[in-house]
Amino acid sequence: MRKGNGKGNGGASSAPWDDQVAHLMSREGMARDKARDRVILDFLKRGDSNALAALLIDGHVPAPNVRFALALMLLDNEAADATLARQHVDPDPWWVPYRFVIKPRPAQPRRPHGAEKTAGARDAEMKSGPLMPDLGYEAAIARVDQAVRATDAAGGKAGPAPGKQTALQKRPGQKRKR
């Protein structure tokens, strides 16, 4: 099975890491996996994890040396130094000046598994929020339609909305004398 980015046509890619991998493969004769590992480390040393994320999603499995560097990035400085000392390796080639920090993400509402919503219904709900959360879309529309019909049947003389003041109405008949 071929590992790749799904672009079997050999066309130009839009990601800079793909271009660098292609350059290392064609100009320096590196194997694809080794070129990817080098590009990942280069990006990480600049504080950019996008190449790592994209290549992992693409199916790339980093070599043990890249995984070791990633593990060091997860540790605080003292623990990383202790790990390097235990492994008896020179810290200079392994040192990446950035750390990975695990932070919570904002809570995301979970969708019920059985609910099937159309894209339009999801978009409308995301923009305005659920107005009648206990009702489905069709039931809510029917209820709004019923309220409009009741207002029309009353001749449009529904009272003011709660909390709204109406303008003073003129009384029919003669004007009051002063």
# chains A, B, ... in the order shown; residues from 1 in each chain; ligands from 1
call {"tool": "residues_around", "arguments": {"residues": "segment 25-40 of chain A", "least_positions_apart": "6", "cutoff": "7 Å", "atoms": "only C-alpha atoms", "output": "PDB file with C-alpha atoms, in the first residue's frame"}}
result
ATOM      1  CA  TRP A  17       6.223  20.832   3.456  1.00  0.00           C
ATOM      2  CA  ALA A  51       3.825  19.738   8.841  1.00  0.00           C
ATOM      3  CA  LEU A  52       3.737  17.134  11.606  1.00  0.00           C
ATOM      4  CA  PRO A  62       7.688   9.112  11.939  1.00  0.00           C
ATOM      5  CA  ALA A  63      10.991   7.315  12.511  1.00  0.00           C
ATOM      6  CA  VAL A  66      11.450  11.952  15.352  1.00  0.00           C
TER       7      VAL A  66
END
call {"tool": "select_by_dssp", "arguments": {"residues": "segment 46-85 of chain A", "states": "helix (DSSP H, G or I)", "output": "number ranges by chain"}}
result
A: 50-57, 64-74, 77-85
call {"tool": "write_last_selection", "arguments": {"atoms": "N, CA and C atoms", "output": "mmCIF file, in the first residue's frame"}}
result
data_model
loop_
_atom_site.group_PDB
_atom_site.id
_atom_site.type_symbol
_atom_site.label_atom_id
_atom_site.label_comp_id
_atom_site.auth_asym_id
_atom_site.auth_seq_id
_atom_site.Cartn_x
_atom_site.Cartn_y
_atom_site.Cartn_z
ATOM 1 N N ASN A 50 2.442 22.301 11.946
ATOM 2 C CA ASN A 50 1.514 22.002 10.858
ATOM 3 C C ASN A 50 2.009 20.868 9.961
ATOM 4 N N ALA A 51 3.294 20.823 9.685
ATOM 5 C CA ALA A 51 3.825 19.738 8.841
ATOM 6 C C ALA A 51 3.653 18.404 9.546
ATOM 7 N N LEU A 52 3.924 18.363 10.838
ATOM 8 C CA LEU A 52 3.737 17.134 11.606
ATOM 9 C C LEU A 52 2.289 16.685 11.529
ATOM 10 N N ALA A 53 1.368 17.581 11.803
ATOM 11 C CA ALA A 53 -0.051 17.223 11.792
ATOM 12 C C ALA A 53 -0.486 16.735 10.409
ATOM 13 N N ALA A 54 -0.109 17.463 9.384
ATOM 14 C CA ALA A 54 -0.542 17.096 8.025
ATOM 15 C C ALA A 54 0.036 15.754 7.599
ATOM 16 N N LEU A 55 1.298 15.525 7.891
ATOM 17 C CA LEU A 55 1.922 14.269 7.467
ATOM 18 C C LEU A 55 1.413 13.089 8.294
ATOM 19 N N LEU A 56 1.094 13.310 9.567
ATOM 20 C CA LEU A 56 0.484 12.241 10.365
ATOM 21 C C LEU A 56 -0.892 11.887 9.811
ATOM 22 N N ILE A 57 -1.674 12.899 9.487
ATOM 23 C CA ILE A 57 -2.995 12.662 8.909
ATOM 24 C C ILE A 57 -2.867 11.948 7.575
ATOM 25 N N PRO A 64 11.893 6.508 14.647
ATOM 26 C CA PRO A 64 12.130 6.585 16.092
ATOM 27 C C PRO A 64 12.817 7.867 16.544
ATOM 28 N N ASN A 65 13.721 8.412 15.742
ATOM 29 C CA ASN A 65 14.392 9.651 16.159
ATOM 30 C C ASN A 65 13.413 10.824 16.228
ATOM 31 N N VAL A 66 12.450 10.879 15.318
ATOM 32 C CA VAL A 66 11.450 11.952 15.352
ATOM 33 C C VAL A 66 10.521 11.738 16.547
ATOM 34 N N ARG A 67 10.138 10.507 16.792
ATOM 35 C CA ARG A 67 9.284 10.212 17.949
ATOM 36 C C ARG A 67 10.003 10.585 19.253
ATOM 37 N N PHE A 68 11.308 10.362 19.306
ATOM 38 C CA PHE A 68 12.101 10.730 20.485
ATOM 39 C C PHE A 68 12.079 12.250 20.674
ATOM 40 N N ALA A 69 12.260 12.987 19.587
ATOM 41 C CA ALA A 69 12.219 14.454 19.669
ATOM 42 C C ALA A 69 10.828 14.925 20.109
ATOM 43 N N LEU A 70 9.786 14.276 19.617
ATOM 44 C CA LEU A 70 8.427 14.629 20.023
ATOM 45 C C LEU A 70 8.222 14.362 21.517
ATOM 46 N N ALA A 71 8.750 13.241 21.998
ATOM 47 C CA ALA A 71 8.639 12.918 23.423
ATOM 48 C C ALA A 71 9.366 13.973 24.255
ATOM 49 N N LEU A 72 10.532 14.423 23.797
ATOM 50 C CA LEU A 72 11.262 15.465 24.520
ATOM 51 C C LEU A 72 10.464 16.772 24.561
ATOM 52 N N MET A 73 9.734 17.044 23.490
ATOM 53 C CA MET A 73 8.932 18.259 23.435
ATOM 54 C C MET A 73 7.741 18.206 24.396
ATOM 55 N N LEU A 74 7.334 17.018 24.781
ATOM 56 C CA LEU A 74 6.231 16.870 25.727
ATOM 57 C C LEU A 74 6.687 17.048 27.176
ATOM 58 N N ASN A 77 11.738 21.036 30.786
ATOM 59 C CA ASN A 77 13.182 21.088 30.506
ATOM 60 C C ASN A 77 13.989 20.123 31.367
ATOM 61 N N GLU A 78 13.690 20.072 32.663
ATOM 62 C CA GLU A 78 14.463 19.201 33.549
ATOM 63 C C GLU A 78 14.277 17.731 33.174
ATOM 64 N N ALA A 79 13.052 17.335 32.922
ATOM 65 C CA ALA A 79 12.785 15.943 32.548
ATOM 66 C C ALA A 79 13.406 15.615 31.191
ATOM 67 N N ALA A 80 13.390 16.567 30.254
ATOM 68 C CA ALA A 80 14.007 16.343 28.949
ATOM 69 C C ALA A 80 15.523 16.185 29.091
ATOM 70 N N ASP A 81 16.146 17.024 29.921
ATOM 71 C CA ASP A 81 17.594 16.904 30.160
ATOM 72 C C ASP A 81 17.936 15.562 30.798
ATOM 73 N N ALA A 82 17.126 15.135 31.759
ATOM 74 C CA ALA A 82 17.365 13.855 32.414
ATOM 75 C C ALA A 82 17.221 12.698 31.429
ATOM 76 N N THR A 83 16.253 12.793 30.544
ATOM 77 C CA THR A 83 16.054 11.744 29.529
ATOM 78 C C THR A 83 17.241 11.678 28.584
ATOM 79 N N LEU A 84 17.724 12.826 28.159
ATOM 80 C CA LEU A 84 18.891 12.851 27.275
ATOM 81 C C LEU A 84 20.108 12.253 27.976
ATOM 82 N N ALA A 85 20.268 12.538 29.263
ATOM 83 C CA ALA A 85 21.402 11.985 30.011
ATOM 84 C C ALA A 85 21.276 10.465 30.152
#
call {"tool": "closest_residue", "arguments": {"among": "A:Ala22, A:Leu75, A:Ser14, A:Ile141", "to": "Val96 of chain A", "atoms": "only C-alpha atoms"}}
result
A:Leu75
